[in-house]
>>> print(open('input-v9.csv').read())   # CSV, C-alpha atoms
chain,number,residue,atom,x,y,z
A,1,MET,CA,118.5,90.6,88.8
A,2,ARG,CA,119.8,94.1,89.3
A,3,LYS,CA,116.3,95.4,88.8
A,4,CYS,CA,115.1,92.9,91.4
A,5,SER,CA,117.7,94.1,93.9
A,6,LYS,CA,116.5,97.7,93.5
A,7,ILE,CA,112.9,96.8,94.0
A,8,PHE,CA,113.9,94.8,97.0
A,9,ILE,CA,115.7,97.8,98.6
A,10,VAL,CA,112.6,99.9,98.1
A,11,PHE,CA,110.4,97.3,99.7
A,12,PHE,CA,112.9,96.9,102.5
A,13,VAL,CA,112.8,100.6,103.3
A,14,LEU,CA,109.0,100.6,103.1
A,15,PHE,CA,109.0,97.7,105.6
A,16,PHE,CA,111.0,99.6,108.2
A,17,VAL,CA,109.1,102.9,107.7
A,18,SER,CA,105.8,101.2,108.1
A,19,SER,CA,106.8,99.3,111.2
A,20,TYR,CA,108.5,102.3,112.8
A,21,ALA,CA,107.2,102.9,116.3
A,22,PHE,CA,107.7,105.3,119.1
A,23,GLY,CA,106.1,105.7,122.5
A,24,LEU,CA,104.3,109.0,122.7
A,25,SER,CA,102.9,110.5,125.8
A,26,ASP,CA,99.3,111.6,125.7
A,27,ALA,CA,100.6,114.9,127.1
A,28,PHE,CA,101.4,116.1,123.6
A,29,LYS,CA,98.0,115.1,122.2
A,30,LYS,CA,98.0,115.4,118.4
A,31,ASN,CA,100.6,118.1,118.3
A,32,ILE,CA,103.5,116.0,117.3
A,33,TYR,CA,104.9,116.2,113.7
A,34,ASP,CA,106.3,112.8,112.6
A,35,PRO,CA,109.1,113.3,110.1
A,36,GLY,CA,109.3,109.5,109.6
A,37,GLN,CA,112.5,107.4,109.6
A,38,LEU,CA,115.6,109.6,109.1
A,39,LYS,CA,119.2,108.9,108.3
A,40,PRO,CA,120.5,107.7,111.7
A,41,ILE,CA,123.5,110.0,112.0
A,42,ASP,CA,124.2,112.9,109.6
A,43,SER,CA,127.3,114.7,111.0
A,44,LYS,CA,130.8,114.1,112.2
A,45,LEU,CA,131.9,114.9,115.8
A,46,LYS,CA,134.4,117.8,116.2
A,47,VAL,CA,135.2,117.2,119.8
A,48,LYS,CA,137.3,114.5,121.4
A,49,ILE,CA,137.1,112.7,124.7
A,50,GLY,CA,139.9,113.8,127.0
A,51,GLU,CA,140.1,117.2,125.4
A,52,LYS,CA,138.8,120.5,126.6
A,53,ALA,CA,135.1,121.0,125.6
A,54,PRO,CA,134.5,124.2,123.6
A,55,ASP,CA,132.9,126.9,125.7
A,56,PHE,CA,129.6,128.5,124.6
A,57,THR,CA,127.0,130.9,125.8
A,58,LEU,CA,123.3,130.5,124.8
A,59,PRO,CA,120.0,132.1,125.8
A,60,SER,CA,117.8,129.9,128.1
A,61,LEU,CA,114.1,129.7,128.6
A,62,SER,CA,114.3,131.6,131.9
A,63,GLY,CA,115.8,134.6,130.0
A,64,GLU,CA,119.3,134.3,131.4
A,65,LYS,CA,122.3,133.4,129.3
A,66,ILE,CA,124.0,130.2,130.3
A,67,SER,CA,127.7,129.5,129.6
A,68,LEU,CA,129.4,126.1,129.9
A,69,SER,CA,132.3,127.7,131.7
A,70,GLN,CA,130.1,129.0,134.5
A,71,PHE,CA,130.0,125.4,135.9
A,72,LYS,CA,133.8,124.9,135.9
A,73,GLY,CA,135.1,123.7,139.2
A,74,GLU,CA,131.5,123.2,140.6
A,75,LYS,CA,129.5,120.8,138.5
A,76,ASN,CA,129.8,118.1,136.0
A,77,VAL,CA,127.8,119.1,132.9
A,78,VAL,CA,125.6,116.8,130.8
A,79,ILE,CA,124.6,118.3,127.5
A,80,SER,CA,121.6,116.7,125.8
A,81,PHE,CA,121.2,117.9,122.2
A,82,VAL,CA,117.9,116.8,120.7
A,83,PRO,CA,116.9,117.4,117.1
A,84,ALA,CA,113.7,119.5,117.2
A,85,ALA,CA,110.7,120.5,119.3
A,86,TRP,CA,107.3,118.9,118.6
A,87,THR,CA,108.8,115.7,117.1
A,88,PRO,CA,108.2,112.2,118.4
A,89,VAL,CA,111.4,110.9,120.1
A,90,CYS,CA,112.6,114.3,121.4
A,91,SER,CA,109.2,115.0,123.1
A,92,ASP,CA,109.7,111.8,125.1
A,93,GLN,CA,113.3,112.2,126.1
A,94,TRP,CA,113.6,115.2,128.4
A,95,PRO,CA,110.5,114.3,130.6
A,96,GLY,CA,112.5,111.1,131.5
A,97,TYR,CA,115.6,113.2,132.5
A,98,ASN,CA,113.2,115.4,134.5
A,99,LEU,CA,112.2,112.3,136.4
A,100,ALA,CA,115.8,111.1,136.7
A,101,LYS,CA,117.0,114.2,138.6
A,102,ILE,CA,118.4,112.0,141.3
A,103,ILE,CA,120.8,110.4,138.9
A,104,PHE,CA,122.2,113.8,138.1
A,105,ASP,CA,122.2,115.0,141.7
A,106,LYS,CA,124.0,111.9,142.9
A,107,ASN,CA,126.8,112.6,140.5
A,108,ASN,CA,127.0,116.3,141.1
A,109,ALA,CA,125.8,117.0,137.5
A,110,ILE,CA,123.7,119.6,135.9
A,111,LEU,CA,121.8,119.0,132.6
A,112,LEU,CA,121.7,121.4,129.8
A,113,GLY,CA,119.0,120.7,127.2
A,114,ILE,CA,119.8,122.2,123.7
A,115,THR,CA,117.9,122.3,120.5
A,116,VAL,CA,118.2,124.6,117.4
A,117,ASP,CA,114.6,125.9,118.0
A,118,ASN,CA,113.9,129.4,119.0
A,119,ILE,CA,112.8,130.4,122.5
A,120,PRO,CA,109.0,130.8,121.9
A,121,THR,CA,108.9,127.3,120.3
A,122,LEU,CA,110.9,125.8,123.2
A,123,TYR,CA,108.6,127.6,125.7
A,124,ALA,CA,105.4,126.1,124.2
A,125,TRP,CA,106.9,122.7,123.7
A,126,THR,CA,108.5,122.2,127.1
A,127,ASN,CA,105.3,123.5,128.8
A,128,GLN,CA,103.8,120.1,127.9
A,129,MET,CA,106.6,118.4,129.9
A,130,GLY,CA,105.7,119.8,133.3
A,131,ASP,CA,108.3,121.8,135.4
A,132,LEU,CA,111.7,121.0,134.1
A,133,TRP,CA,114.5,121.3,136.7
A,134,PHE,CA,117.2,121.9,134.1
A,135,PRO,CA,117.9,124.8,131.8
A,136,VAL,CA,116.7,124.6,128.2
A,137,LEU,CA,118.9,126.5,125.8
A,138,SER,CA,118.2,127.7,122.3
A,139,ASP,CA,120.9,127.3,119.6
A,140,PHE,CA,118.7,129.1,117.1
A,141,TRP,CA,120.8,132.1,116.3
A,142,PRO,CA,123.4,132.1,114.8
A,143,HIS,CA,121.7,129.0,113.7
A,144,GLY,CA,123.1,125.8,115.2
A,145,LYS,CA,126.5,127.5,116.1
A,146,VAL,CA,127.0,125.4,119.2
A,147,SER,CA,125.8,122.2,117.6
A,148,GLU,CA,128.3,122.8,114.8
A,149,MET,CA,131.1,123.4,117.3
A,150,PHE,CA,130.4,120.0,118.8
A,151,GLY,CA,130.0,118.5,115.3
A,152,VAL,CA,126.4,117.5,115.8
A,153,LEU,CA,124.6,119.8,113.3
A,154,ARG,CA,122.9,117.7,110.6
A,155,SER,CA,122.8,118.7,107.0
A,156,ASP,CA,119.1,119.7,107.3
A,157,GLY,CA,119.9,122.2,110.1
A,158,VAL,CA,118.7,120.3,113.1
A,159,ALA,CA,121.0,118.8,115.8
A,160,GLU,CA,121.7,115.1,116.3
A,161,ARG,CA,120.3,113.2,119.3
A,162,ALA,CA,123.6,113.5,121.3
A,163,LEU,CA,124.8,113.3,124.9
A,164,PHE,CA,128.0,114.8,126.2
A,165,ILE,CA,129.5,114.8,129.7
A,166,ILE,CA,132.0,117.5,130.6
A,167,ASP,CA,133.7,117.2,134.0
A,168,LYS,CA,134.3,119.9,136.5
A,169,LYS,CA,137.7,120.7,134.8
A,170,GLY,CA,135.9,121.3,131.5
A,171,ILE,CA,137.2,118.1,129.9
A,172,LEU,CA,134.9,116.1,127.7
A,173,ARG,CA,134.5,112.7,129.3
A,174,TYR,CA,131.6,111.1,127.4
A,175,ALA,CA,130.2,111.6,123.9
A,176,HIS,CA,127.4,109.6,122.4
A,177,VAL,CA,125.6,110.4,119.2
A,178,SER,CA,122.5,108.2,119.0
A,179,ASP,CA,120.5,107.1,116.0
A,180,ILE,CA,118.2,110.1,115.6
A,181,ASN,CA,115.2,107.8,115.4
A,182,ASN,CA,115.7,106.2,118.8
A,183,ARG,CA,115.9,107.4,122.4
A,184,PRO,CA,119.2,106.4,124.2
A,185,ASP,CA,118.8,104.1,127.2
A,186,LEU,CA,119.0,106.0,130.4
A,187,LYS,CA,121.3,103.2,131.8
A,188,ASP,CA,124.1,104.3,129.5
A,189,LEU,CA,124.1,107.8,130.8
A,190,ALA,CA,123.7,106.7,134.4
A,191,THR,CA,126.7,104.4,134.0
A,192,ALA,CA,128.8,107.1,132.4
A,193,LEU,CA,128.0,109.5,135.2
A,194,GLU,CA,128.9,107.0,137.8
A,195,LYS,CA,132.2,106.1,136.0
A,196,LEU,CA,133.0,109.8,136.1
A,197,ASN,CA,133.1,109.8,139.9
A,198,LYS,CA,135.1,106.6,140.1
A,199,ASP,CA,137.9,107.8,137.8
B,1,MET,CA,117.8,83.1,87.3
B,2,LYS,CA,114.1,82.4,87.4
B,3,LYS,CA,114.3,80.7,90.7
B,4,THR,CA,116.2,83.6,92.2
B,5,SER,CA,113.5,86.1,91.0
B,6,ILE,CA,110.7,84.0,92.6
B,7,VAL,CA,112.6,84.0,96.0
B,8,CYS,CA,113.3,87.7,95.7
B,9,TRP,CA,109.6,88.6,95.0
B,10,ALA,CA,108.4,86.2,97.7
B,11,LEU,CA,110.7,88.0,100.2
B,12,MET,CA,109.4,91.4,99.1
B,13,VAL,CA,105.8,90.4,99.5
B,14,LEU,CA,106.5,89.0,102.9
B,15,LEU,CA,108.3,92.1,104.1
B,16,LEU,CA,105.6,94.4,102.9
B,17,SER,CA,102.8,92.3,104.4
B,18,ILE,CA,104.5,92.3,107.8
B,19,GLY,CA,105.2,96.0,107.5
B,20,LEU,CA,101.6,96.9,106.5
B,21,LEU,CA,100.2,94.6,109.2
B,22,SER,CA,102.2,96.2,112.0
B,23,ALA,CA,101.4,99.7,110.7
B,24,GLY,CA,97.7,99.0,110.6
B,25,ILE,CA,97.1,97.4,113.9
B,26,ALA,CA,94.3,99.1,115.8
B,27,PRO,CA,94.3,99.5,119.6
B,28,PRO,CA,92.6,96.6,121.6
B,29,LYS,CA,88.8,96.7,121.3
B,30,GLU,CA,86.4,96.0,124.1
B,31,GLY,CA,84.9,92.6,123.5
B,32,GLY,CA,88.0,91.5,121.7
B,33,MET,CA,91.1,89.5,122.7
B,34,LEU,CA,94.6,90.4,123.5
B,35,PRO,CA,97.3,89.7,120.9
B,36,GLU,CA,99.8,86.9,121.8
B,37,ILE,CA,101.9,88.7,124.4
B,38,THR,CA,104.5,86.8,126.3
B,39,LEU,CA,106.1,88.3,129.4
B,40,SER,CA,109.2,87.2,131.3
B,41,THR,CA,108.4,85.8,134.8
B,42,PRO,CA,109.5,88.4,137.4
B,43,GLU,CA,112.5,87.3,139.5
B,44,MET,CA,111.1,88.5,142.8
B,45,PRO,CA,109.1,85.7,144.6
B,46,THR,CA,106.6,88.3,145.9
B,47,LEU,CA,105.7,89.3,142.3
B,48,GLN,CA,105.6,85.7,141.2
B,49,ASN,CA,103.1,85.0,144.1
B,50,TYR,CA,101.1,88.1,143.2
B,51,LEU,CA,100.7,86.8,139.6
B,52,GLY,CA,100.3,83.2,140.5
B,53,ILE,CA,103.1,82.3,138.1
B,54,THR,CA,105.6,79.7,139.3
B,55,LYS,CA,109.3,80.4,139.0
B,56,ASN,CA,109.7,77.3,136.9
B,57,LYS,CA,108.1,79.1,134.1
B,58,LYS,CA,110.5,81.5,132.4
B,59,SER,CA,107.7,83.3,130.6
B,60,PHE,CA,103.9,83.5,130.7
B,61,ARG,CA,100.9,84.9,128.8
B,62,ILE,CA,98.6,87.5,130.5
B,63,PRO,CA,95.6,85.1,130.6
B,64,GLU,CA,97.7,82.7,132.7
B,65,ILE,CA,97.7,85.3,135.6
B,66,LYS,CA,95.8,83.9,138.6
B,67,ALA,CA,92.9,86.5,138.7
B,68,ASP,CA,89.5,87.1,137.4
B,69,VAL,CA,90.5,90.5,136.0
B,70,VAL,CA,93.9,91.8,134.9
B,71,LEU,CA,94.4,95.6,134.5
B,72,ILE,CA,97.2,96.4,132.2
B,73,GLU,CA,98.8,99.9,132.1
B,74,ILE,CA,100.8,100.8,129.1
B,75,PHE,CA,103.1,103.5,130.4
B,76,SER,CA,106.5,105.1,129.8
B,77,MET,CA,108.9,106.5,132.3
B,78,TYR,CA,109.4,109.3,129.7
B,79,CYS,CA,105.7,110.2,129.7
B,80,PRO,CA,104.8,113.2,131.9
B,81,TYR,CA,101.1,112.0,132.2
B,82,CYS,CA,102.3,108.6,133.4
B,83,GLN,CA,104.6,110.2,135.9
B,84,LYS,CA,101.8,112.4,137.2
B,85,ASP,CA,99.3,109.6,137.4
B,86,ALA,CA,101.7,107.1,139.1
B,87,PRO,CA,100.6,108.0,142.7
B,88,VAL,CA,96.9,107.6,141.6
B,89,VAL,CA,97.7,104.2,140.0
B,90,ASN,CA,99.4,103.2,143.3
B,91,GLU,CA,96.2,104.4,145.1
B,92,LEU,CA,94.2,102.1,142.9
B,93,TYR,CA,96.5,99.2,143.6
B,94,ASN,CA,96.3,99.8,147.4
B,95,LYS,CA,92.5,100.0,147.3
B,96,ILE,CA,92.3,96.7,145.5
B,97,THR,CA,94.9,94.9,147.7
B,98,LYS,CA,93.3,96.2,150.9
B,99,ASP,CA,89.8,94.9,149.9
B,100,GLU,CA,89.5,91.2,150.9
B,101,LYS,CA,86.9,90.6,148.2
B,102,LEU,CA,89.0,92.1,145.4
B,103,LYS,CA,92.6,91.4,146.2
B,104,ASN,CA,92.7,88.0,144.6
B,105,LYS,CA,90.2,88.9,141.9
B,106,ILE,CA,91.9,92.0,140.3
B,107,LYS,CA,95.6,92.0,139.5
B,108,MET,CA,97.6,94.8,137.9
B,109,ILE,CA,100.6,94.9,135.6
B,110,GLY,CA,102.4,97.6,133.7
B,111,ILE,CA,104.2,97.4,130.4
B,112,GLY,CA,106.8,100.1,129.7
B,113,ALA,CA,106.6,101.1,126.0
B,114,GLY,CA,110.1,101.6,124.7
B,115,ASN,CA,111.5,101.3,128.2
B,116,SER,CA,114.5,99.2,129.0
B,117,SER,CA,114.8,97.1,132.2
B,118,PHE,CA,116.8,99.8,133.8
B,119,GLU,CA,114.2,102.4,132.9
B,120,VAL,CA,111.3,100.3,134.2
B,121,ASP,CA,113.2,99.6,137.4
B,122,PHE,CA,113.9,103.3,137.8
B,123,PHE,CA,110.2,104.1,137.4
B,124,GLN,CA,109.2,101.4,139.8
B,125,LYS,CA,111.7,102.6,142.5
B,126,THR,CA,110.9,106.3,142.0
B,127,TYR,CA,107.2,105.8,142.7
B,128,ASP,CA,107.5,102.7,144.9
B,129,ILE,CA,105.2,100.7,142.6
B,130,LYS,CA,104.3,97.3,144.2
B,131,PHE,CA,102.8,95.6,141.2
B,132,PRO,CA,104.9,94.0,138.4
B,133,LEU,CA,106.2,96.2,135.6
B,134,PHE,CA,107.7,94.7,132.4
B,135,PRO,CA,110.1,96.3,129.9
B,136,ASP,CA,109.2,96.6,126.2
B,137,ALA,CA,112.4,98.1,125.0
B,138,GLU,CA,111.9,97.4,121.3
B,139,PHE,CA,108.3,98.5,121.3
B,140,SER,CA,107.3,95.0,120.2
B,141,ILE,CA,104.3,94.7,122.6
B,142,HIS,CA,103.5,98.4,122.0
B,143,LYS,CA,103.3,97.7,118.2
B,144,MET,CA,101.0,94.7,118.9
B,145,LEU,CA,98.7,96.9,120.9
B,146,GLY,CA,98.3,99.5,118.0
B,147,GLU,CA,101.0,101.9,119.2
B,148,VAL,CA,98.7,103.5,121.7
B,149,ARG,CA,99.6,106.8,123.4
B,150,THR,CA,100.5,106.6,127.1
B,151,PRO,CA,99.1,106.1,129.6
B,152,TYR,CA,96.7,103.5,128.3
B,153,PHE,CA,94.6,101.0,130.4
B,154,ILE,CA,93.3,97.7,129.3
B,155,GLY,CA,91.0,95.6,131.4
B,156,VAL,CA,90.9,91.9,130.7
B,157,LYS,CA,88.5,89.4,132.1
B,158,ILE,CA,89.9,85.9,132.5
B,159,LYS,CA,87.3,83.1,132.4
B,160,LYS,CA,87.6,79.8,134.3
B,161,ASP,CA,88.3,77.9,131.1
B,162,GLY,CA,91.4,80.0,130.4
B,163,THR,CA,89.8,82.1,127.7
B,164,HIS,CA,89.7,85.9,128.1
B,165,SER,CA,88.1,89.0,126.7
B,166,ILE,CA,88.8,92.7,126.9
B,167,PHE,CA,86.2,94.7,128.7
B,168,TYR,CA,88.0,98.0,129.0
B,169,SER,CA,90.4,99.7,126.6
B,170,LYS,CA,91.0,103.4,126.9
B,171,ARG,CA,93.8,106.1,126.6
B,172,GLY,CA,94.4,108.6,129.4
B,173,ALA,CA,95.2,108.9,133.1
B,174,ILE,CA,93.1,107.4,135.8
B,175,GLU,CA,92.9,110.7,137.8
B,176,ASP,CA,90.4,109.4,140.4
B,177,ALA,CA,91.2,106.0,141.8
B,178,PRO,CA,87.9,105.2,143.6
B,179,LYS,CA,85.9,106.3,140.6
B,180,PHE,CA,88.0,104.2,138.2
B,181,LEU,CA,87.8,101.2,140.5
B,182,ASN,CA,84.0,101.5,140.5
B,183,LEU,CA,84.0,101.7,136.7
B,184,ILE,CA,86.2,98.6,136.4
B,185,ARG,CA,84.0,96.7,138.9
B,186,SER,CA,80.9,97.6,137.1
B,187,LYS,CA,82.3,96.8,133.6
B,188,ALA,CA,83.8,93.5,134.8
B,189,GLY,CA,80.4,92.6,136.4
B,190,PHE,CA,81.3,92.4,140.1
>>> encode(input="input-v9.csv", output="structure tokens")
Amino acid sequence: MRKCSKIFIVFFVLFFVSSYAFGLSDAFKKNIYDPGQLKPIDSKLKVKIGEKAPDFTLPSLSGEKISLSQFKGEKNVVISFVPAAWTPVCSDQWPGYNLAKIIFDKNNAILLGITVDNIPTLYAWTNQMGDLWFPVLSDFWPHGKVSEMFGVLRSDGVAERALFIIDKKGILRYAHVSDINNRPDLKDLATALEKLNKD
Amino acid sequence: MKKTSIVCWALMVLLLSIGLLSAGIAPPKEGGMLPEITLSTPEMPTLQNYLGITKNKKSFRIPEIKADVVLIEIFSMYCPYCQKDAPVVNELYNKITKDEKLKNKIKMIGIGAGNSSFEVDFFQKTYDIKFPLFPDAEFSIHKMLGEVRTPYFIGVKIKKDGTHSIFYSKRGAIEDAPKFLNLIRSKAGF
């Protein structure tokens, strides 16, 4: 019976891997590497809602360095950590946020997109997404330092698929680490941003 | 013990079969038929009228749409090509609806692969899309259609006896609405 249970688990995993689906834009052609189904969450948050978010400075695609603290008193900040460039779900996440600029504008928010990839990789990858209105930051070196500060660096060195909202006072107001295999619904982020302005 | 083992093995075979089947589904082929797709009837009366589906029906199948031809766009609000092509798709819709001979013959629908109701509504409002869009948040329809890359267009001809056949199935943006409409008309035979 124990042997049967083991075989059953193997078949169960096979079932979910074989039926795994993601919607992929033709914009990326055949340049996407599919890592398959991954452990949903592989880290532990190090930040707490209601507390001050850790400040950081990272290089951006435009060449300038961006700090979280530079938005203090001016803008709410949404941080979107995605695991890696040229992977299925990540490639279809930021183009949606690019379209949803109005949701960010309406709530006086800026979006910072962060991955642990280096700048040249991010440049080539985000070029497929069209003109992004938000800064894309590289947490490549020291590798994953900012991801680690937030507690979203996975054991294999990539970031989680995570969203954070930091208000104008620099306080963390929303934290959501998604299953790495799935894209979070835009509705949750939109609702969290609207709630920010009501509080 | 023996009975439990048989049930266990039966379950495993069933799971693997379903998994392999869903992984191996090819995109719709011209000349073939659509898989059994069920869509929720839109709440807006204008969209119900457009589809010819009465509000009494909670859901419907694509061949039930009152038209000779249904054009299905598989899109995603997260897909840059779908975003770029949305105004061209709208142009195609306008061309069809402004043509007295075509407006009741060709109907258009969109299915948002992996998109929630909120995301589909957002896409619809952003581009002021007049034809019905349907969410497919769990990729269930997308899987049935062979997990095609987006945008993807499927043209279905609906016969008077209620049967149907696919006459167009292709990945990629429309890019040129008049040219695409001519192609659809010629492939559909009118």
>>> atom_distance(input="input-v9.csv", atom1="atom CA of A:Asp131", atom2="atom CA of A:Leu61")
11.9 Å
>>> atom_distance(input="input-v9.csv", atom1="atom CA of B:Ala113", atom2="atom CA of B:Met144")
11.1 Å
>>> atom_distance(input="input-v9.csv", atom1="atom CA of B:Lys98", atom2="atom CA of B:His164")
25.3 Å
>>> residues_near_point(input="input-v9.csv", point="(121.7, 108.3, 142.3)", cutoff="12 Å", atoms="only C-alpha atoms", output="ChimeraX atom specification")
/A:99-109,187,189-191,193-194,197 /B:122,125-126
>>> residues_around(input="input-v9.csv", residues="B:Arg61", least_positions_apart="5", cutoff="9 Å", atoms="only C-alpha atoms", output="list of chain:residue names")
B:Glu36, B:Ile37, B:Thr38, B:Leu39, B:Ser40
>>> residues_near_point(input="input-v9.csv", point="(83.7, 94.3, 132.0)", cutoff="7 Å", atoms="all atoms listed in the file", output="MDAnalysis selection string")
chainID B and resid 157 167:168 184 186:189
>>> write_last_selection(input="input-v9.csv", atoms="C-alpha atoms", output="short mmCIF file (atom, residue, chain, number, x, y, z; two decimals), in the frame of the given file")
data_model
loop_
_atom_site.label_atom_id
_atom_site.label_comp_id
_atom_site.auth_asym_id
_atom_site.auth_seq_id
_atom_site.Cartn_x
_atom_site.Cartn_y
_atom_site.Cartn_z
CA LYS B 157 88.50 89.40 132.10
CA PHE B 167 86.20 94.70 128.70
CA TYR B 168 88.00 98.00 129.00
CA ILE B 184 86.20 98.60 136.40
CA SER B 186 80.90 97.60 137.10
CA LYS B 187 82.30 96.80 133.60
CA ALA B 188 83.80 93.50 134.80
CA GLY B 189 80.40 92.60 136.40
#
>>> closest_residue(input="input-v9.csv", among="B:Ile72, B:Ile129, B:Ile111, B:Ile65", to="chain A", atoms="only C-alpha atoms")
B:Ile111
>>> closest_residue(input="input-v9.csv", among="B:Ala67, B:Ala137, B:Ile96, B:Val156", to="chain A", atoms="all atoms listed in the file")
B:Ala137
>>> closest_residue(input="input-v9.csv", among="A:Gln93, A:Trp133, A:Thr115, A:Ser43", to="A:Leu24", atoms="all atoms listed in the file")
A:Gln93
>>> closest_residue(input="input-v9.csv", among="A:Ser62, A:Asn118, A:Asn98, A:Ser178", to="A:His143", atoms="only C-alpha atoms")
A:Asn118
>>> residues_around(input="input-v9.csv", residues="B:Ser165", least_positions_apart="5", cutoff="9 Å", atoms="only C-alpha atoms", output="list in words")
Glu30, Gly31, Gly32, Met33, Leu34, Gly155, Val156, Lys157, Ile158 and Lys159 of chain B
>>> write_last_selection(input="input-v9.csv", atoms="C-alpha atoms", output="CSV table (one decimal), keeping the file's coordinate frame")
chain,number,residue,atom,x,y,z
B,30,GLU,CA,86.4,96.0,124.1
B,31,GLY,CA,84.9,92.6,123.5
B,32,GLY,CA,88.0,91.5,121.7
B,33,MET,CA,91.1,89.5,122.7
B,34,LEU,CA,94.6,90.4,123.5
B,155,GLY,CA,91.0,95.6,131.4
B,156,VAL,CA,90.9,91.9,130.7
B,157,LYS,CA,88.5,89.4,132.1
B,158,ILE,CA,89.9,85.9,132.5
B,159,LYS,CA,87.3,83.1,132.4
>>> closest_residue(input="input-v9.csv", among="A:Phe140, A:Trp94, A:Phe150, A:Phe164", to="A:Ser25", atoms="all atoms listed in the file")
A:Trp94
>>> residues_around(input="input-v9.csv", residues="B:Pro28", least_positions_apart="5", cutoff="8 Å", atoms="all atoms listed in the file", output="PDB file with C-alpha atoms, keeping the file's coordinate frame")
ATOM      1  CA  MET B  33      91.100  89.500 122.700  1.00  0.00           C
ATOM      2  CA  LEU B  34      94.600  90.400 123.500  1.00  0.00           C
ATOM      3  CA  LEU B 145      98.700  96.900 120.900  1.00  0.00           C
ATOM      4  CA  GLY B 146      98.300  99.500 118.000  1.00  0.00           C
ATOM      5  CA  ILE B 154      93.300  97.700 129.300  1.00  0.00           C
ATOM      6  CA  ILE B 166      88.800  92.700 126.900  1.00  0.00           C
ATOM      7  CA  SER B 169      90.400  99.700 126.600  1.00  0.00           C
TER       8      SER B 169
END
>>> closest_residue(input="input-v9.csv", among="A:Gly151, A:Pro95, A:Pro184, A:Pro142", to="chain B", atoms="only C-alpha atoms")
A:Pro95
>>> build_atoms(input="input-v9.csv", residues="stretch 88-100 of chain B", atoms="N, CA and C atoms", output="PDB file, in the frame of the given file")
ATOM      1  N   VAL B  88      98.339 107.970 141.651  1.00  0.00           N
ATOM      2  CA  VAL B  88      96.900 107.600 141.600  1.00  0.00           C
ATOM      3  C   VAL B  88      96.792 106.108 141.227  1.00  0.00           C
ATOM      4  N   VAL B  89      97.672 105.630 140.353  1.00  0.00           N
ATOM      5  CA  VAL B  89      97.700 104.200 140.000  1.00  0.00           C
ATOM      6  C   VAL B  89      98.041 103.382 141.242  1.00  0.00           C
ATOM      7  N   ASN B  90      98.994 103.894 142.035  1.00  0.00           N
ATOM      8  CA  ASN B  90      99.400 103.200 143.300  1.00  0.00           C
ATOM      9  C   ASN B  90      98.156 103.188 144.253  1.00  0.00           C
ATOM     10  N   GLU B  91      97.413 104.289 144.278  1.00  0.00           N
ATOM     11  CA  GLU B  91      96.200 104.400 145.100  1.00  0.00           C
ATOM     12  C   GLU B  91      95.210 103.286 144.726  1.00  0.00           C
ATOM     13  N   LEU B  92      95.066 103.120 143.420  1.00  0.00           N
ATOM     14  CA  LEU B  92      94.200 102.100 142.900  1.00  0.00           C
ATOM     15  C   LEU B  92      94.627 100.705 143.346  1.00  0.00           C
ATOM     16  N   TYR B  93      95.940 100.463 143.214  1.00  0.00           N
ATOM     17  CA  TYR B  93      96.500  99.200 143.600  1.00  0.00           C
ATOM     18  C   TYR B  93      96.245  98.930 145.125  1.00  0.00           C
ATOM     19  N   ASN B  94      96.483  99.953 145.940  1.00  0.00           N
ATOM     20  CA  ASN B  94      96.300  99.800 147.400  1.00  0.00           C
ATOM     21  C   ASN B  94      94.815  99.539 147.726  1.00  0.00           C
ATOM     22  N   LYS B  95      93.922 100.218 147.022  1.00  0.00           N
ATOM     23  CA  LYS B  95      92.500 100.000 147.300  1.00  0.00           C
ATOM     24  C   LYS B  95      92.110  98.566 146.958  1.00  0.00           C
ATOM     25  N   ILE B  96      92.645  98.033 145.880  1.00  0.00           N
ATOM     26  CA  ILE B  96      92.300  96.700 145.500  1.00  0.00           C
ATOM     27  C   ILE B  96      92.920  95.670 146.491  1.00  0.00           C
ATOM     28  N   THR B  97      94.193  95.860 146.853  1.00  0.00           N
ATOM     29  CA  THR B  97      94.900  94.900 147.700  1.00  0.00           C
ATOM     30  C   THR B  97      94.347  94.925 149.158  1.00  0.00           C
ATOM     31  N   LYS B  98      93.783  96.072 149.560  1.00  0.00           N
ATOM     32  CA  LYS B  98      93.300  96.200 150.900  1.00  0.00           C
ATOM     33  C   LYS B  98      91.823  95.653 151.034  1.00  0.00           C
ATOM     34  N   ASP B  99      91.218  95.398 149.901  1.00  0.00           N
ATOM     35  CA  ASP B  99      89.800  94.900 149.900  1.00  0.00           C
ATOM     36  C   ASP B  99      89.888  93.358 149.787  1.00  0.00           C
ATOM     37  N   GLU B 100      89.478  92.682 150.853  1.00  0.00           N
ATOM     38  CA  GLU B 100      89.500  91.200 150.900  1.00  0.00           C
ATOM     39  C   GLU B 100      88.819  90.549 149.736  1.00  0.00           C
TER      40      GLU B 100
END
